[in-house]
file start20.json (JSON, C-alpha atoms and all ligand atoms)
[["chain", "number", "residue", "atom", "x", "y", "z"],
["F", 1137, "MET", "CA", 60.12, 19.24, -101.66],
["F", 1138, "THR", "CA", 61.89, 16.13, -100.40],
["F", 1139, "TYR", "CA", 62.93, 15.45, -96.86],
["F", 1140, "GLU", "CA", 65.65, 13.30, -95.35],
["F", 1141, "ASN", "CA", 63.66, 11.73, -92.52],
["F", 1142, "ILE", "CA", 60.06, 12.07, -93.66],
["F", 1143, "LEU", "CA", 58.15, 10.79, -96.67],
["F", 1144, "PHE", "CA", 55.35, 13.14, -97.69],
["F", 1145, "GLU", "CA", 52.81, 12.05, -100.29],
["F", 1146, "ARG", "CA", 49.53, 13.61, -101.40],
["F", 1147, "THR", "CA", 46.90, 11.56, -103.27],
["F", 1148, "ASP", "CA", 43.25, 12.42, -103.85],
["F", 1149, "GLY", "CA", 43.18, 15.03, -101.10],
["F", 1150, "ILE", "CA", 44.77, 12.77, -98.48],
["F", 1151, "ALA", "CA", 48.32, 13.52, -97.31],
["F", 1152, "VAL", "CA", 50.42, 10.76, -95.76],
["F", 1153, "ILE", "CA", 53.36, 11.70, -93.53],
["F", 1154, "THR", "CA", 55.65, 8.72, -92.95],
["F", 1155, "MET", "CA", 58.26, 9.20, -90.24],
["F", 1156, "ASN", "CA", 61.25, 7.61, -91.94],
["F", 1157, "ARG", "CA", 64.35, 6.88, -89.82],
["F", 1158, "PRO", "CA", 63.95, 3.11, -89.56],
["F", 1159, "ARG", "CA", 67.53, 2.58, -88.35],
["F", 1160, "ALA", "CA", 66.54, 4.42, -85.15],
["F", 1161, "LEU", "CA", 62.93, 3.15, -85.14],
["F", 1162, "ASN", "CA", 61.89, 6.58, -86.53],
["F", 1163, "ALA", "CA", 63.07, 8.39, -83.37],
["F", 1164, "LEU", "CA", 62.61, 12.16, -83.47],
["F", 1165, "ASN", "CA", 65.88, 14.05, -83.77],
["F", 1166, "ALA", "CA", 66.09, 17.83, -84.24],
["F", 1167, "ALA", "CA", 66.34, 17.50, -88.03],
["F", 1168, "THR", "CA", 63.15, 15.41, -88.17],
["F", 1169, "ILE", "CA", 61.30, 17.89, -85.96],
["F", 1170, "GLY", "CA", 62.33, 20.69, -88.36],
["F", 1171, "GLU", "CA", 61.07, 18.63, -91.30],
["F", 1172, "LEU", "CA", 57.78, 17.85, -89.57],
["F", 1173, "ASN", "CA", 57.34, 21.57, -88.96],
["F", 1174, "ALA", "CA", 57.89, 22.29, -92.68],
["F", 1175, "VAL", "CA", 55.45, 19.54, -93.72],
["F", 1176, "VAL", "CA", 52.74, 20.85, -91.38],
["F", 1177, "ASP", "CA", 53.26, 24.36, -92.82],
["F", 1178, "ALA", "CA", 52.92, 22.93, -96.35],
["F", 1179, "ILE", "CA", 49.66, 21.21, -95.37],
["F", 1180, "ALA", "CA", 48.31, 24.40, -93.78],
["F", 1181, "ALA", "CA", 48.95, 26.23, -97.06],
["F", 1182, "ASP", "CA", 47.32, 23.58, -99.30],
["F", 1183, "SER", "CA", 43.53, 23.59, -99.23],
["F", 1184, "SER", "CA", 43.41, 20.66, -101.68],
["F", 1185, "ILE", "CA", 44.53, 18.45, -98.76],
["F", 1186, "ARG", "CA", 41.44, 17.36, -96.84],
["F", 1187, "ALA", "CA", 42.92, 14.84, -94.40],
["F", 1188, "VAL", "CA", 46.31, 13.83, -93.02],
["F", 1189, "ILE", "CA", 47.61, 10.43, -91.94],
["F", 1190, "ILE", "CA", 50.81, 10.10, -89.89],
["F", 1191, "THR", "CA", 52.54, 6.72, -89.70],
["F", 1192, "GLY", "CA", 56.00, 5.20, -89.33],
["F", 1193, "ALA", "CA", 58.27, 3.54, -91.88],
["F", 1194, "GLY", "CA", 58.95, -0.17, -91.44],
["F", 1195, "GLU", "CA", 56.99, -2.80, -89.61],
["F", 1196, "LYS", "CA", 58.28, -2.25, -86.10],
["F", 1197, "ALA", "CA", 57.70, 1.33, -85.07],
["F", 1198, "PHE", "CA", 55.50, 4.36, -85.43],
["F", 1199, "VAL", "CA", 58.05, 6.51, -83.58],
["F", 1200, "ALA", "CA", 60.18, 5.10, -80.70],
["F", 1201, "GLY", "CA", 60.48, 8.47, -78.97],
["F", 1202, "ALA", "CA", 62.82, 11.38, -78.99],
["F", 1203, "ASP", "CA", 66.26, 10.44, -80.26],
["F", 1204, "ILE", "CA", 67.92, 9.33, -77.04],
["F", 1205, "SER", "CA", 71.44, 9.88, -78.40],
["F", 1206, "GLU", "CA", 70.55, 13.54, -79.02],
["F", 1207, "ILE", "CA", 68.93, 14.02, -75.60],
["F", 1208, "ASN", "CA", 72.09, 12.61, -74.12],
["F", 1209, "THR", "CA", 74.03, 15.59, -75.50],
["F", 1210, "VAL", "CA", 71.73, 18.27, -74.04],
["F", 1211, "THR", "CA", 73.86, 20.22, -71.59],
["F", 1212, "SER", "CA", 71.79, 23.24, -70.58],
["F", 1213, "ALA", "CA", 68.25, 23.94, -69.39],
["F", 1214, "LEU", "CA", 67.97, 26.45, -72.24],
["F", 1215, "GLN", "CA", 68.79, 23.79, -74.84],
["F", 1216, "GLY", "CA", 66.22, 21.42, -73.27],
["F", 1217, "THR", "CA", 63.59, 24.16, -73.17],
["F", 1218, "GLN", "CA", 64.20, 25.00, -76.84],
["F", 1219, "LEU", "CA", 63.89, 21.32, -77.77],
["F", 1220, "SER", "CA", 60.61, 21.17, -75.87],
["F", 1221, "GLU", "CA", 59.24, 24.35, -77.46],
["F", 1222, "SER", "CA", 60.16, 23.26, -80.99],
["F", 1223, "LEU", "CA", 57.71, 20.36, -81.00],
["F", 1224, "HIS", "CA", 55.06, 22.15, -78.91],
["F", 1225, "ALA", "CA", 54.83, 24.69, -81.72],
["F", 1226, "VAL", "CA", 54.38, 21.93, -84.34],
["F", 1227, "PHE", "CA", 51.72, 20.15, -82.27],
["F", 1228, "PHE", "CA", 49.70, 23.35, -81.76],
["F", 1229, "LYS", "CA", 49.90, 24.00, -85.51],
["F", 1230, "MET", "CA", 48.54, 20.49, -86.12],
["F", 1231, "ALA", "CA", 45.64, 21.24, -83.77],
["F", 1232, "GLU", "CA", 44.87, 24.41, -85.74],
["F", 1233, "LEU", "CA", 44.82, 22.65, -89.12],
["F", 1234, "PRO", "CA", 41.32, 22.47, -90.61],
["F", 1235, "GLN", "CA", 42.18, 18.96, -91.81],
["F", 1236, "VAL", "CA", 41.72, 15.94, -89.57],
["F", 1237, "VAL", "CA", 45.05, 14.37, -88.55],
["F", 1238, "ILE", "CA", 44.91, 10.60, -88.04],
["F", 1239, "ALA", "CA", 47.74, 8.70, -86.35],
["F", 1240, "ALA", "CA", 48.20, 5.22, -87.84],
["F", 1241, "ILE", "CA", 50.27, 3.65, -85.06],
["F", 1242, "ASN", "CA", 52.00, 0.74, -86.76],
["F", 1243, "GLY", "CA", 54.26, -0.44, -83.92],
["F", 1244, "PHE", "CA", 56.06, 1.19, -81.00],
["F", 1245, "ALA", "CA", 54.79, 4.68, -80.13],
["F", 1246, "LEU", "CA", 56.88, 5.52, -77.09],
["F", 1247, "GLY", "CA", 57.78, 8.76, -75.37],
["F", 1248, "GLY", "CA", 57.87, 11.54, -77.97],
["F", 1249, "GLY", "CA", 56.33, 9.09, -80.46],
["F", 1250, "PHE", "CA", 53.25, 8.61, -78.29],
["F", 1251, "GLU", "CA", 53.21, 12.37, -77.68],
["F", 1252, "LEU", "CA", 53.05, 12.82, -81.46],
["F", 1253, "ALA", "CA", 50.14, 10.37, -81.65],
["F", 1254, "LEU", "CA", 48.39, 12.14, -78.76],
["F", 1255, "ALA", "CA", 48.68, 15.44, -80.64],
["F", 1256, "CYS", "CA", 46.77, 13.89, -83.57],
["F", 1257, "ASP", "CA", 42.97, 14.08, -83.72],
["F", 1258, "ILE", "CA", 42.29, 10.32, -83.90],
["F", 1259, "ARG", "CA", 44.52, 7.31, -83.15],
["F", 1260, "LEU", "CA", 44.24, 4.00, -85.01],
["F", 1261, "ALA", "CA", 46.66, 1.21, -84.07],
["F", 1262, "SER", "CA", 47.89, -2.11, -85.43],
["F", 1263, "GLU", "CA", 47.51, -5.21, -83.26],
["F", 1264, "ASN", "CA", 51.30, -5.23, -82.71],
["F", 1265, "ALA", "CA", 51.42, -1.59, -81.57],
["F", 1266, "GLN", "CA", 52.63, -0.66, -78.10],
["F", 1267, "VAL", "CA", 52.27, 2.79, -76.57],
["F", 1268, "GLY", "CA", 53.75, 4.37, -73.48],
["F", 1269, "LEU", "CA", 55.57, 7.29, -71.91],
["F", 1270, "PRO", "CA", 58.83, 5.84, -70.52],
["F", 1271, "GLU", "CA", 60.49, 9.22, -69.89],
["F", 1272, "VAL", "CA", 60.83, 8.61, -66.14],
["F", 1273, "THR", "CA", 63.02, 5.61, -66.95],
["F", 1274, "LEU", "CA", 65.44, 8.11, -68.54],
["F", 1275, "GLY", "CA", 65.29, 10.72, -65.77],
["F", 1276, "LEU", "CA", 62.82, 12.93, -67.60],
["F", 1277, "VAL", "CA", 59.15, 13.79, -67.72],
["F", 1278, "PRO", "CA", 57.30, 13.87, -71.06],
["F", 1279, "GLY", "CA", 58.48, 17.14, -72.60],
["F", 1280, "TRP", "CA", 56.11, 17.48, -75.53],
["F", 1281, "GLY", "CA", 52.74, 17.70, -73.79],
["F", 1282, "GLY", "CA", 52.21, 13.94, -73.50],
["F", 1283, "ALA", "CA", 51.32, 13.76, -69.81],
["F", 1284, "LEU", "CA", 48.93, 16.68, -70.13],
["F", 1285, "ARG", "CA", 47.21, 15.50, -73.32],
["F", 1286, "LEU", "CA", 46.94, 12.04, -71.74],
["F", 1287, "GLN", "CA", 45.34, 13.57, -68.64],
["F", 1288, "ARG", "CA", 42.75, 15.31, -70.83],
["F", 1289, "LEU", "CA", 42.16, 12.11, -72.83],
["F", 1290, "VAL", "CA", 41.87, 9.48, -70.09],
["F", 1291, "GLY", "CA", 41.83, 11.37, -66.77],
["F", 1292, "THR", "CA", 44.29, 12.18, -64.02],
["F", 1293, "GLY", "CA", 44.54, 8.74, -62.40],
["F", 1294, "MET", "CA", 45.33, 6.85, -65.61],
["F", 1295, "ALA", "CA", 47.71, 9.61, -66.76],
["F", 1296, "LYS", "CA", 49.63, 9.29, -63.49],
["F", 1297, "TYR", "CA", 49.61, 5.49, -63.75],
["F", 1298, "LEU", "CA", 51.10, 5.56, -67.25],
["F", 1299, "VAL", "CA", 53.55, 8.43, -66.75],
["F", 1300, "LEU", "CA", 54.87, 7.35, -63.34],
["F", 1301, "SER", "CA", 55.15, 3.65, -64.22],
["F", 1302, "GLY", "CA", 56.50, 4.21, -67.73],
["F", 1303, "GLU", "CA", 54.69, 0.97, -68.59],
["F", 1304, "ARG", "CA", 54.32, -0.09, -72.22],
["F", 1305, "ILE", "CA", 50.69, -0.83, -73.13],
["F", 1306, "LYS", "CA", 49.78, -3.31, -75.87],
["F", 1307, "ALA", "CA", 47.19, -2.37, -78.48],
["F", 1308, "ALA", "CA", 44.24, -4.34, -77.06],
["F", 1309, "GLU", "CA", 44.71, -2.77, -73.62],
["F", 1310, "ALA", "CA", 45.34, 0.66, -75.18],
["F", 1311, "LEU", "CA", 41.96, 0.33, -76.90],
["F", 1312, "ARG", "CA", 40.25, -0.64, -73.63],
["F", 1313, "LEU", "CA", 41.80, 2.37, -71.86],
["F", 1314, "GLY", "CA", 40.82, 4.82, -74.61],
["F", 1315, "LEU", "CA", 44.43, 5.54, -75.60],
["F", 1316, "VAL", "CA", 43.59, 4.57, -79.19],
["F", 1317, "GLU", "CA", 40.21, 4.61, -80.91],
["F", 1318, "LYS", "CA", 40.44, 1.43, -83.05],
["F", 1319, "VAL", "CA", 42.80, -1.52, -83.56],
["F", 1320, "TYR", "CA", 43.38, -3.42, -86.84],
["F", 1321, "PRO", "CA", 45.57, -6.28, -88.07],
["F", 1322, "ALA", "CA", 48.87, -4.70, -89.13],
["F", 1323, "GLU", "CA", 48.29, -5.24, -92.84],
["F", 1324, "GLU", "CA", 44.89, -3.49, -92.65],
["F", 1325, "LEU", "CA", 45.94, -0.42, -90.65],
["F", 1326, "LEU", "CA", 46.83, 2.00, -93.45],
["F", 1327, "GLY", "CA", 43.81, 0.98, -95.50],
["F", 1328, "ALA", "CA", 41.60, 1.61, -92.46],
["F", 1329, "ALA", "CA", 43.21, 5.03, -91.95],
["F", 1330, "HIS", "CA", 42.55, 5.92, -95.59],
["F", 1331, "ALA", "CA", 38.96, 4.66, -95.32],
["F", 1332, "LEU", "CA", 38.37, 6.81, -92.23],
["F", 1333, "ALA", "CA", 39.98, 9.81, -93.97],
["F", 1334, "ARG", "CA", 37.67, 9.30, -96.96],
["F", 1335, "THR", "CA", 34.60, 9.00, -94.69],
["F", 1336, "ILE", "CA", 35.50, 12.27, -92.97],
["F", 1337, "THR", "CA", 36.31, 14.10, -96.20],
["F", 1338, "LYS", "CA", 32.92, 13.16, -97.68],
["F", 1339, "ASN", "CA", 31.38, 15.40, -95.02],
["F", 1340, "ALA", "CA", 31.02, 19.17, -95.25],
["F", 1341, "PRO", "CA", 34.55, 20.67, -95.04],
["F", 1342, "LEU", "CA", 33.68, 23.72, -92.93],
["F", 1343, "ALA", "CA", 31.62, 21.59, -90.56],
["F", 1344, "THR", "CA", 34.41, 19.06, -90.00],
["F", 1345, "ALA", "CA", 37.04, 21.80, -89.59],
["F", 1346, "LEU", "CA", 34.90, 23.67, -87.06],
["F", 1347, "ALA", "CA", 33.91, 20.45, -85.25],
["F", 1348, "LYS", "CA", 37.62, 19.76, -84.72],
["F", 1349, "ARG", "CA", 38.18, 23.31, -83.49],
["F", 1350, "LEU", "CA", 35.11, 23.14, -81.21],
["F", 1351, "ILE", "CA", 36.31, 19.97, -79.50],
["F", 1352, "ASN", "CA", 39.91, 21.23, -79.20],
["F", 1353, "ARG", "CA", 39.01, 24.67, -77.84],
["F", 1354, "GLY", "CA", 36.08, 23.35, -75.81],
["F", 1355, "ALA", "CA", 38.42, 21.03, -73.92],
["F", 1356, "GLU", "CA", 40.19, 24.12, -72.56],
["F", 1357, "MET", "CA", 36.96, 25.84, -71.36],
["F", 1358, "SER", "CA", 34.30, 25.38, -68.72],
["F", 1359, "LEU", "CA", 31.21, 23.56, -70.10],
["F", 1360, "ARG", "CA", 29.23, 26.82, -69.92],
["F", 1361, "ASP", "CA", 31.87, 28.71, -71.97],
["F", 1362, "ALA", "CA", 32.26, 25.79, -74.35],
["F", 1363, "VAL", "CA", 28.55, 25.59, -75.19],
["F", 1364, "ALA", "CA", 28.53, 29.37, -75.76],
["F", 1365, "TYR", "CA", 31.42, 28.85, -78.19],
["F", 1366, "GLU", "CA", 29.48, 25.97, -79.80],
["F", 1367, "THR", "CA", 26.44, 28.23, -80.23],
["F", 1368, "GLY", "CA", 28.56, 30.74, -82.15],
["F", 1369, "ILE", "CA", 29.95, 28.06, -84.46],
["F", 1370, "PHE", "CA", 26.52, 26.51, -84.96],
["F", 1371, "GLY", "CA", 25.02, 29.87, -85.87],
["F", 1372, "GLN", "CA", 27.90, 30.59, -88.27],
["F", 1373, "LEU", "CA", 27.45, 27.21, -90.02],
["F", 1374, "CYS", "CA", 23.68, 27.77, -90.38],
["F", 1375, "THR", "CA", 24.44, 30.64, -92.77],
["F", 1376, "THR", "CA", 26.79, 28.68, -95.05],
["F", 1377, "ALA", "CA", 26.04, 27.49, -98.56],
["F", 1378, "ASP", "CA", 27.07, 24.01, -97.44],
["F", 1379, "CYS", "CA", 24.39, 23.92, -94.73],
["F", 1380, "LYS", "CA", 21.79, 24.94, -97.30],
["F", 1381, "GLU", "CA", 23.15, 22.30, -99.70],
["F", 1382, "GLY", "CA", 23.33, 19.54, -97.06],
["F", 1383, "THR", "CA", 19.79, 20.06, -95.84],
["F", 1384, "THR", "CA", 18.41, 20.51, -99.38],
["F", 1385, "ALA", "CA", 20.21, 17.38, -100.59],
["F", 1386, "PHE", "CA", 18.66, 15.41, -97.71],
["F", 1387, "LEU", "CA", 15.18, 16.63, -98.60],
["F", 1388, "GLU", "CA", 15.76, 15.90, -102.29],
["F", 1389, "LYS", "CA", 17.15, 12.44, -101.44],
["F", 1390, "ARG", "CA", 20.46, 13.02, -103.26],
["F", 1391, "PRO", "CA", 24.10, 13.25, -102.19],
["F", 1392, "ALA", "CA", 25.28, 16.74, -101.21],
["F", 1393, "VAL", "CA", 27.85, 18.56, -103.32],
["F", 1394, "TRP", "CA", 30.00, 20.69, -101.01],
["F", 1395, "GLN", "CA", 31.55, 24.03, -101.91],
["F", 1396, "GLY", "CA", 33.34, 24.59, -98.62],
["F", 1397, "GLU", "CA", 31.54, 27.91, -98.26],
["F", 1401, "LIG", "N1", 66.36, 7.03, -79.91],
["F", 1401, "LIG", "C1", 67.46, 6.64, -80.62],
["F", 1401, "LIG", "N2", 67.63, 5.40, -81.12],
["F", 1401, "LIG", "C2", 66.65, 4.51, -80.87],
["F", 1401, "LIG", "C3", 65.49, 4.83, -80.14],
["F", 1401, "LIG", "C4", 65.36, 6.18, -79.64],
["F", 1401, "LIG", "N3", 64.29, 6.59, -78.97],
["F", 1401, "LIG", "N4", 64.71, 3.74, -80.04],
["F", 1401, "LIG", "C5", 65.38, 2.76, -80.72],
["F", 1401, "LIG", "N5", 66.53, 3.22, -81.21],
["F", 1401, "LIG", "C6", 67.53, 2.49, -81.99],
["F", 1401, "LIG", "C7", 68.25, 1.47, -81.11],
["F", 1401, "LIG", "O1", 69.30, 2.09, -80.40],
["F", 1401, "LIG", "C8", 68.76, 0.50, -82.16],
["F", 1401, "LIG", "O2", 69.87, 1.05, -82.80],
["F", 1401, "LIG", "P1", 71.18, 0.14, -83.11],
["F", 1401, "LIG", "O3", 71.60, -0.41, -81.83],
["F", 1401, "LIG", "O4", 70.65, -0.91, -84.07],
["F", 1401, "LIG", "O5", 72.13, 1.09, -83.75],
["F", 1401, "LIG", "C9", 67.64, 0.48, -83.17],
["F", 1401, "LIG", "O6", 66.88, 1.68, -82.96],
["F", 1401, "LIG", "C10", 66.69, -0.70, -82.98],
["F", 1401, "LIG", "O7", 66.26, -0.70, -81.64],
["F", 1401, "LIG", "P2", 66.39, -1.99, -80.69],
["F", 1401, "LIG", "O8", 67.50, -2.85, -81.11],
["F", 1401, "LIG", "O9", 66.38, -1.50, -79.29],
["F", 1401, "LIG", "O10", 65.01, -2.73, -81.02],
["F", 1401, "LIG", "P3", 64.20, -3.71, -80.07],
["F", 1401, "LIG", "O11", 63.14, -4.31, -80.92],
["F", 1401, "LIG", "O12", 65.09, -4.59, -79.30],
["F", 1401, "LIG", "O13", 63.48, -2.75, -79.02],
["F", 1401, "LIG", "C11", 62.26, -0.77, -78.34],
["F", 1401, "LIG", "C12", 62.52, -1.81, -79.47],
["F", 1401, "LIG", "C13", 61.34, 0.31, -78.94],
["F", 1401, "LIG", "C14", 61.57, -1.46, -77.19],
["F", 1401, "LIG", "C15", 63.63, -0.20, -77.87],
["F", 1401, "LIG", "O14", 64.34, 0.25, -79.04],
["F", 1401, "LIG", "C16", 63.46, 0.96, -76.94],
["F", 1401, "LIG", "O15", 63.18, 0.77, -75.76],
["F", 1401, "LIG", "N6", 63.67, 2.16, -77.47],
["F", 1401, "LIG", "C17", 63.67, 3.37, -76.69],
["F", 1401, "LIG", "C18", 62.26, 3.74, -76.29],
["F", 1401, "LIG", "C19", 62.30, 4.99, -75.46],
["F", 1401, "LIG", "O16", 62.66, 4.95, -74.30],
["F", 1401, "LIG", "N7", 62.07, 6.08, -76.14],
["F", 1401, "LIG", "C20", 62.36, 7.42, -75.61],
["F", 1401, "LIG", "C21", 61.27, 7.79, -74.71],
["F", 1401, "LIG", "S1", 61.70, 9.27, -73.90],
["F", 1401, "LIG", "C22", 62.50, 16.62, -74.36],
["F", 1401, "LIG", "C23", 61.29, 16.48, -74.91],
["F", 1401, "LIG", "C24", 60.81, 15.23, -75.14],
["F", 1401, "LIG", "C25", 61.57, 14.13, -74.83],
["F", 1401, "LIG", "C26", 62.79, 14.29, -74.27],
["F", 1401, "LIG", "C27", 63.29, 15.53, -74.02],
["F", 1401, "LIG", "N8", 63.03, 17.91, -74.08],
["F", 1401, "LIG", "C28", 62.17, 19.03, -74.28],
["F", 1401, "LIG", "C29", 64.38, 18.06, -73.65],
["F", 1401, "LIG", "C30", 61.06, 12.82, -75.11],
["F", 1401, "LIG", "C31", 61.65, 11.77, -74.55],
["F", 1401, "LIG", "C32", 61.30, 10.46, -75.01],
["F", 1401, "LIG", "O17", 60.76, 10.23, -76.06]]

call {"tool": "encode", "arguments": {"input": "start20.json", "output": "structure tokens"}}
result
Amino acid sequence: MTYENILFERTDGIAVITMNRPRALNALNAATIGELNAVVDAIAADSSIRAVIITGAGEKAFVAGADISEINTVTSALQGTQLSESLHAVFFKMAELPQVVIAAINGFALGGGFELALACDIRLASENAQVGLPEVTLGLVPGWGGALRLQRLVGTGMAKYLVLSGERIKAAEALRLGLVEKVYPAEELLGAAHALARTITKNAPLATALAKRLINRGAEMSLRDAVAYETGIFGQLCTTADCKEGTTAFLEKRPAVWQGE
């Protein structure tokens, strides 16, 4: 399947989603959101894909936000609500994927673009990247979960600082604040994302899928409930063929061969 605003490639178990509207710095219009939804569905249905990388076409932007010319035409609260819900649904589907989703932020990730990166599991950035939530400069609040994911990622004070100021944060500062996990020279970013994807996919597939789910669900629970949830997952993994294989391979001083069972 080909898409108008997204490039979607699969190689050696790693899928790369490239947001591809460079004339608008890859801004998210309704058509692109529909395509992203279809791509995420395709990934969910393809167990040969073990990891996902999301990046932006061109050298300037990951995604420069929602398409401002489209937002400008929204005339009713219902239309705005539907626009909001459309991407919420995609982001929750991404969270439910067993595959890790890595954002390779190769330039501006602003507004909806930063919200997309925040909905990914891990954020890597190029040295020229800039992130921010400038919605208040347009008379809006982040409408795709950005303020709330940011609050969970870096705390209430920093979330308020970033959302209320609308300030753009350069990569080095974003790293210091915990908005991104690693920063690389621009020409090394995609290679680093692939290397991280390969590192993760060398590990036991059920364990990595359930580790992602544990951290995602655990973030929504009290610590007491979260550790009870962890105990269930841990017990479940102890009975898998992969746990037997992983521990046996260690004792036999050989690499493990995973079955995903
Ligand atoms: N939408 C549409 N076009 C955009 C765009 C965007 N977000 N960002 C850039 N472009 C277009 C520019 O208009 C320009 O088009 P032409 O003039 O060449 O036709 C082209 O991309 C190149 O951009 P610039 O010429 O501006 O490039 P510069 O290097 O000078 O500046 C920049 C780069 C990223 C600093 C600048 O383009 C910029 O400030 N862009 C806008 C950033 C921004 O404010 N993004 C939107 C954040 S608000 C909602 C849910 C969510 C949202 C809204 C509603 N509902 C549920 C209703 C989310 C809102 C947001 O994302």

call {"tool": "closest_atom_pairs", "arguments": {"input": "start20.json", "of": "chain F", "to": "ligand LIG 1401 (chain F)", "cutoff": "7 Å", "atoms": "only C-alpha atoms and all ligand atoms", "output": "CSV"}}
result
residue,atom,partner,partner_atom,distance
F:Arg1159,CA,F:LIG1401,O6,5.5
F:Ala1160,CA,F:LIG1401,O6,3.5
F:Leu1161,CA,F:LIG1401,O6,4.7
F:Ala1163,CA,F:LIG1401,C4,4.9
F:Ala1200,CA,F:LIG1401,N3,4.7
F:Gly1201,CA,F:LIG1401,O17,3.4
F:Ala1202,CA,F:LIG1401,O17,3.8
F:Asp1203,CA,F:LIG1401,N1,3.4
F:Ile1204,CA,F:LIG1401,N1,4.0
F:Ser1205,CA,F:LIG1401,C1,5.6
F:Ile1207,CA,F:LIG1401,C27,6.0
F:Gly1216,CA,F:LIG1401,C29,3.8
F:Thr1217,CA,F:LIG1401,C28,5.4
F:Gln1218,CA,F:LIG1401,C28,6.8
F:Leu1219,CA,F:LIG1401,C28,4.5
F:Ser1220,CA,F:LIG1401,C28,3.1
F:Glu1221,CA,F:LIG1401,C28,6.9
F:Phe1244,CA,F:LIG1401,C13,5.7
F:Leu1246,CA,F:LIG1401,N7,5.3
F:Gly1247,CA,F:LIG1401,O17,3.4
F:Gly1248,CA,F:LIG1401,O17,3.7
F:Gly1249,CA,F:LIG1401,O17,6.3
F:Leu1269,CA,F:LIG1401,C21,6.4
F:Pro1270,CA,F:LIG1401,C21,5.2
F:Glu1271,CA,F:LIG1401,S1,4.2
F:Leu1274,CA,F:LIG1401,S1,6.6
F:Leu1276,CA,F:LIG1401,C26,6.8
F:Pro1278,CA,F:LIG1401,C24,5.6
F:Gly1279,CA,F:LIG1401,C23,3.7
F:Trp1280,CA,F:LIG1401,C24,5.2

call {"tool": "write_last_selection", "arguments": {"input": "start20.json", "atoms": "C-alpha atoms", "output": "PDB file, keeping the file's coordinate frame"}}
result
ATOM      1  CA  ARG F1159      67.530   2.580 -88.350  1.00  0.00           C
ATOM      2  CA  ALA F1160      66.540   4.420 -85.150  1.00  0.00           C
ATOM      3  CA  LEU F1161      62.930   3.150 -85.140  1.00  0.00           C
ATOM      4  CA  ALA F1163      63.070   8.390 -83.370  1.00  0.00           C
ATOM      5  CA  ALA F1200      60.180   5.100 -80.700  1.00  0.00           C
ATOM      6  CA  GLY F1201      60.480   8.470 -78.970  1.00  0.00           C
ATOM      7  CA  ALA F1202      62.820  11.380 -78.990  1.00  0.00           C
ATOM      8  CA  ASP F1203      66.260  10.440 -80.260  1.00  0.00           C
ATOM      9  CA  ILE F1204      67.920   9.330 -77.040  1.00  0.00           C
ATOM     10  CA  SER F1205      71.440   9.880 -78.400  1.00  0.00           C
ATOM     11  CA  ILE F1207      68.930  14.020 -75.600  1.00  0.00           C
ATOM     12  CA  GLY F1216      66.220  21.420 -73.270  1.00  0.00           C
ATOM     13  CA  THR F1217      63.590  24.160 -73.170  1.00  0.00           C
ATOM     14  CA  GLN F1218      64.200  25.000 -76.840  1.00  0.00           C
ATOM     15  CA  LEU F1219      63.890  21.320 -77.770  1.00  0.00           C
ATOM     16  CA  SER F1220      60.610  21.170 -75.870  1.00  0.00           C
ATOM     17  CA  GLU F1221      59.240  24.350 -77.460  1.00  0.00           C
ATOM     18  CA  PHE F1244      56.060   1.190 -81.000  1.00  0.00           C
ATOM     19  CA  LEU F1246      56.880   5.520 -77.090  1.00  0.00           C
ATOM     20  CA  GLY F1247      57.780   8.760 -75.370  1.00  0.00           C
ATOM     21  CA  GLY F1248      57.870  11.540 -77.970  1.00  0.00           C
ATOM     22  CA  GLY F1249      56.330   9.090 -80.460  1.00  0.00           C
ATOM     23  CA  LEU F1269      55.570   7.290 -71.910  1.00  0.00           C
ATOM     24  CA  PRO F1270      58.830   5.840 -70.520  1.00  0.00           C
ATOM     25  CA  GLU F1271      60.490   9.220 -69.890  1.00  0.00           C
ATOM     26  CA  LEU F1274      65.440   8.110 -68.540  1.00  0.00           C
ATOM     27  CA  LEU F1276      62.820  12.930 -67.600  1.00  0.00           C
ATOM     28  CA  PRO F1278      57.300  13.870 -71.060  1.00  0.00           C
ATOM     29  CA  GLY F1279      58.480  17.140 -72.600  1.00  0.00           C
ATOM     30  CA  TRP F1280      56.110  17.480 -75.530  1.00  0.00           C
TER      31      TRP F1280
END

call {"tool": "atom_distance", "arguments": {"input": "start20.json", "atom1": "atom CA of Ser1212 of chain F", "atom2": "atom CA of Glu1251 of chain F"}}
result
22.7 Å

call {"tool": "closest_residue", "arguments": {"input": "start20.json", "among": "F:Leu1254, F:Val1199, F:Ile1351, F:Leu1311", "to": "Asn1165 of chain F", "atoms": "all atoms listed in the file"}}
result
F:Val1199

call {"tool": "residues_around", "arguments": {"input": "start20.json", "residues": "Leu1143 of chain F", "least_positions_apart": "6", "cutoff": "9 Å", "atoms": "only C-alpha atoms", "output": "list of chain:residue names"}}
result
F:Val1152, F:Ile1153, F:Thr1154, F:Met1155, F:Asn1156, F:Ala1193

call {"tool": "closest_residue", "arguments": {"input": "start20.json", "among": "F:Ala1283, F:Val1267, F:Val1237, F:Ala1385", "to": "Lys1306 of chain F", "atoms": "all atoms listed in the file"}}
result
F:Val1267

call {"tool": "residues_around", "arguments": {"input": "start20.json", "residues": "segment 1227-1233 of chain F", "least_positions_apart": "6", "cutoff": "7 Å", "atoms": "all atoms listed in the file", "output": "MDAnalysis selection string"}}
result
chainID F and resid 1176 1180 1255

call {"tool": "atom_distance", "arguments": {"input": "start20.json", "atom1": "atom CA of Thr1367 of chain F", "atom2": "atom CA of Glu1381 of chain F"}}
result
20.6 Å

call {"tool": "closest_residue", "arguments": {"input": "start20.json", "among": "F:Val1277, F:Ala1265, F:Leu1252, F:Ala1345", "to": "Leu1172 of chain F", "atoms": "all atoms listed in the file"}}
result
F:Leu1252

call {"tool": "atom_distance", "arguments": {"input": "start20.json", "atom1": "atom CA of Ala1167 of chain F", "atom2": "atom CA of Tyr1139 of chain F"}}
result
9.7 Å
